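Trainee: Coordinates in run03.cif, mmCIF, C-alpha atoms, are listed below.
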```
data_entry
loop_
_atom_site.group_PDB
_atom_site.id
_atom_site.type_symbol
_atom_site.label_atom_id
_atom_site.label_comp_id
_atom_site.auth_asym_id
_atom_site.auth_seq_id
_atom_site.Cartn_x
_atom_site.Cartn_y
_atom_site.Cartn_z
ATOM 1 C CA MET A 1 11.009 -4.805 13.144
ATOM 2 C CA THR A 2 13.207 -6.143 10.399
ATOM 3 C CA ALA A 3 16.274 -4.034 9.693
ATOM 4 C CA PRO A 4 16.165 -2.269 6.330
ATOM 5 C CA ASP A 5 17.998 -4.051 3.535
ATOM 6 C CA LEU A 6 20.115 -1.189 2.224
ATOM 7 C CA SER A 7 21.532 -3.425 -0.507
ATOM 8 C CA ARG A 8 18.106 -3.220 -2.180
ATOM 9 C CA ILE A 9 18.384 0.532 -2.820
ATOM 10 C CA ARG A 10 18.364 1.174 -6.555
ATOM 11 C CA ASP A 11 20.503 3.795 -8.265
ATOM 12 C CA GLY A 12 19.199 7.299 -7.779
ATOM 13 C CA TYR A 13 17.557 6.708 -4.396
ATOM 14 C CA ALA A 14 20.573 6.253 -2.110
ATOM 15 C CA ASP A 15 21.059 9.954 -1.315
ATOM 16 C CA ASP A 16 17.357 10.553 -0.657
ATOM 17 C CA ILE A 17 17.090 7.534 1.636
ATOM 18 C CA ALA A 18 20.317 8.428 3.477
ATOM 19 C CA GLU A 19 19.002 11.965 4.040
ATOM 20 C CA LEU A 20 15.665 10.614 5.284
ATOM 21 C CA ARG A 21 17.440 8.212 7.650
ATOM 22 C CA SER A 22 19.445 11.136 9.057
ATOM 23 C CA ARG A 23 16.170 12.772 10.145
ATOM 24 C CA TRP A 24 14.179 9.725 11.247
ATOM 25 C CA THR A 25 14.981 6.457 13.003
ATOM 26 C CA ASP A 26 14.348 3.194 11.195
ATOM 27 C CA GLU A 27 11.545 2.499 13.677
ATOM 28 C CA GLN A 28 9.820 5.787 12.824
ATOM 29 C CA ILE A 29 10.149 5.175 9.092
ATOM 30 C CA THR A 30 8.867 1.613 9.461
ATOM 31 C CA ASP A 31 5.911 2.789 11.536
ATOM 32 C CA ALA A 32 4.876 5.335 8.897
ATOM 33 C CA LEU A 33 5.289 2.835 6.048
ATOM 34 C CA GLU A 34 3.300 0.147 7.871
ATOM 35 C CA ARG A 35 0.486 2.612 8.563
ATOM 36 C CA TYR A 36 0.428 3.451 4.861
ATOM 37 C CA ARG A 37 0.491 -0.177 3.674
ATOM 38 C CA HIS A 38 -2.217 -1.259 6.091
ATOM 39 C CA GLY A 39 -4.629 1.608 5.436
ATOM 40 C CA GLY A 40 -3.979 3.890 8.415
ATOM 41 C CA MET A 41 -2.510 6.669 6.242
ATOM 42 C CA ASN A 42 -3.044 7.612 2.648
ATOM 43 C CA ARG A 43 -0.172 8.183 0.235
ATOM 44 C CA ASP A 44 -0.138 11.971 0.500
ATOM 45 C CA THR A 45 -0.198 11.882 4.302
ATOM 46 C CA VAL A 46 2.725 9.460 4.609
ATOM 47 C CA MET A 47 4.741 11.418 2.052
ATOM 48 C CA ALA A 48 4.103 14.647 3.976
ATOM 49 C CA ALA A 49 4.910 12.959 7.300
ATOM 50 C CA LEU A 50 8.243 11.684 5.987
ATOM 51 C CA ASP A 51 8.825 14.900 4.017
ATOM 52 C CA ILE A 52 9.406 13.155 0.699
ATOM 53 C CA ASP A 53 8.220 14.648 -2.558
ATOM 54 C CA TYR A 54 8.657 11.852 -5.089
ATOM 55 C CA ILE A 55 6.355 8.818 -5.169
ATOM 56 C CA GLY A 56 9.225 6.632 -6.355
ATOM 57 C CA THR A 57 11.018 7.283 -3.071
ATOM 58 C CA LEU A 58 7.994 6.011 -1.156
ATOM 59 C CA TYR A 59 7.900 2.801 -3.180
ATOM 60 C CA GLU A 60 11.655 2.396 -2.802
ATOM 61 C CA LEU A 61 11.328 2.749 0.973
ATOM 62 C CA ILE A 62 8.635 0.064 1.066
ATOM 63 C CA SER A 63 11.008 -2.283 -0.744
ATOM 64 C CA VAL A 64 14.069 -1.417 1.351
ATOM 65 C CA TYR A 65 12.189 -1.665 4.640
ATOM 66 C CA GLN A 66 10.462 -4.850 3.424
ATOM 67 C CA ILE A 67 6.960 -3.727 4.396
ATOM 68 C CA ALA A 68 4.586 -6.540 3.518
ATOM 69 C CA ALA A 69 1.161 -5.857 2.094
ATOM 70 C CA PRO A 70 -1.786 -6.895 4.246
ATOM 71 C CA ALA A 71 -3.219 -10.353 3.676
ATOM 72 C CA THR A 72 -5.902 -10.541 1.030
ATOM 73 C CA ASP A 73 -9.510 -11.289 1.873
ATOM 74 C CA PRO A 74 -10.451 -14.586 0.162
ATOM 75 C CA GLN A 75 -14.139 -13.634 -0.031
ATOM 76 C CA GLU A 76 -13.304 -10.293 -1.640
ATOM 77 C CA GLU A 77 -10.945 -11.984 -4.103
ATOM 78 C CA ALA A 78 -13.710 -14.429 -5.056
ATOM 79 C CA ARG A 79 -16.240 -11.583 -5.474
ATOM 80 C CA GLN A 80 -13.874 -9.691 -7.764
ATOM 81 C CA ALA A 81 -13.095 -12.803 -9.814
ATOM 82 C CA GLU A 82 -16.777 -13.566 -10.296
ATOM 83 C CA MET A 83 -17.531 -9.959 -11.239
ATOM 84 C CA MET A 84 -14.725 -9.969 -13.829
ATOM 85 C CA ARG A 85 -15.896 -13.314 -15.223
ATOM 86 C CA LEU A 86 -19.399 -11.905 -15.720
ATOM 87 C CA LEU A 87 -18.120 -8.666 -17.250
ATOM 88 C CA LEU A 88 -15.795 -10.429 -19.674
ATOM 89 C CA SER A 89 -18.529 -12.834 -20.780
ATOM 90 C CA GLY A 90 -20.927 -9.928 -21.396
ATOM 91 C CA GLU A 91 -23.319 -10.950 -18.638
ATOM 92 C CA GLU A 92 -25.028 -8.589 -16.224
ATOM 93 C CA VAL A 93 -23.327 -8.169 -12.861
ATOM 94 C CA PRO A 94 -25.807 -8.500 -9.966
ATOM 95 C CA PRO A 95 -25.931 -5.525 -7.578
ATOM 96 C CA GLU A 96 -24.486 -7.555 -4.684
ATOM 97 C CA LEU A 97 -21.293 -8.152 -6.689
ATOM 98 C CA ARG A 98 -20.799 -4.531 -7.726
ATOM 99 C CA GLN A 99 -19.223 -3.400 -4.470
ATOM 100 C CA PRO A 100 -17.312 -5.017 -1.627
ATOM 101 C CA ALA A 101 -19.300 -6.449 1.253
ATOM 102 C CA SER A 102 -17.550 -3.997 3.586
ATOM 103 C CA TRP A 103 -19.314 -1.130 1.774
ATOM 104 C CA ARG A 104 -22.780 -2.508 2.346
ATOM 105 C CA VAL A 105 -24.874 -1.167 5.182
ATOM 106 C CA ARG A 106 -25.424 -3.682 7.948
ATOM 107 C CA HIS A 107 -28.724 -3.577 9.809
#
```
Output the file's structure as structure tokens, nothing else.

Mentor:
Amino acid sequence: MTAPDLSRIRDGYADDIAELRSRWTDEQITDALERYRHGGMNRDTVMAALDIDYIGTLYELISVYQIAAPATDPQEEARQAEMMRLLLSGEEVPPELRQPASWRVRH
């Protein structure tokens, strides 16, 4: 775990983050934020778990704790790019491009 970079806290968030850190360890906060960023928790669940009520505080915590987003899927990026190209050129988007491969039923 990387230590939080408290110098990154923007004005207006210092008191909220200090109060949160008085209730939770940095490891606990990091764990919750990583679960959120990597899809294990949704936004409302992580906010309830950390007992924060302002979405800006959540985003500030992600910055301060330097929680990286998961790596992108190159195939999904290519699918989205092709779909947007077709949409913007006024062409029909084939059904197989309309939703991510992960949504399709595998037999």

Trainee: Which polymer residues have any atom within 12 Å of an atom of A:Gln80, counting only C-alpha atoms, with same-chain residues fewer than 5 positions away left out, as a PDB file with C-alpha atoms, in the coordinates of the input?

Mentor:
```
ATOM      1  CA  THR A  72      -5.902 -10.541   1.030  1.00  0.00           C
ATOM      2  CA  ASP A  73      -9.510 -11.289   1.873  1.00  0.00           C
ATOM      3  CA  PRO A  74     -10.451 -14.586   0.162  1.00  0.00           C
ATOM      4  CA  GLN A  75     -14.139 -13.634  -0.031  1.00  0.00           C
ATOM      5  CA  ARG A  85     -15.896 -13.314 -15.223  1.00  0.00           C
ATOM      6  CA  LEU A  86     -19.399 -11.905 -15.720  1.00  0.00           C
ATOM      7  CA  LEU A  87     -18.120  -8.666 -17.250  1.00  0.00           C
ATOM      8  CA  VAL A  93     -23.327  -8.169 -12.861  1.00  0.00           C
ATOM      9  CA  GLU A  96     -24.486  -7.555  -4.684  1.00  0.00           C
ATOM     10  CA  LEU A  97     -21.293  -8.152  -6.689  1.00  0.00           C
ATOM     11  CA  ARG A  98     -20.799  -4.531  -7.726  1.00  0.00           C
ATOM     12  CA  GLN A  99     -19.223  -3.400  -4.470  1.00  0.00           C
ATOM     13  CA  PRO A 100     -17.312  -5.017  -1.627  1.00  0.00           C
ATOM     14  CA  ALA A 101     -19.300  -6.449   1.253  1.00  0.00           C
TER      15      ALA A 101
END
```

Trainee: State, in Å with one decimal place, the distance from atom CA of A:Val46 to atom CA of A:Leu58.

Mentor: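 Between atom CA of A:Val46 and atom CA of A:Leu58 the gap works out to 8.5 Å.
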
Trainee: Can you sort out the box for stretch 7-25 of chain A, edges along x, y and z, all listed atoms in, 3 Å on every side, with centre and edge lengths in Å to one decimal, as JSON?

Mentor:
```
{"center_x": 17.9, "center_y": 4.7, "center_z": 2.4, "size_x": 13.4, "size_y": 22.2, "size_z": 27.3}
```

Trainee: Which residue, A:Arg35, A:Arg10, A:Arg43, A:Arg79, has the smallest gap to A:Ser102 when you use only C-alpha atoms?

Mentor: A:Arg79

Trainee: Measuring atom to atom with all atoms listed in the file, identify which of A:Glu76, A:Met84, A:Asp53, A:Tyr13 is nearest to A:Trp103.

Mentor: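 Result for the nearest residue to A:Trp103: A:Glu76.
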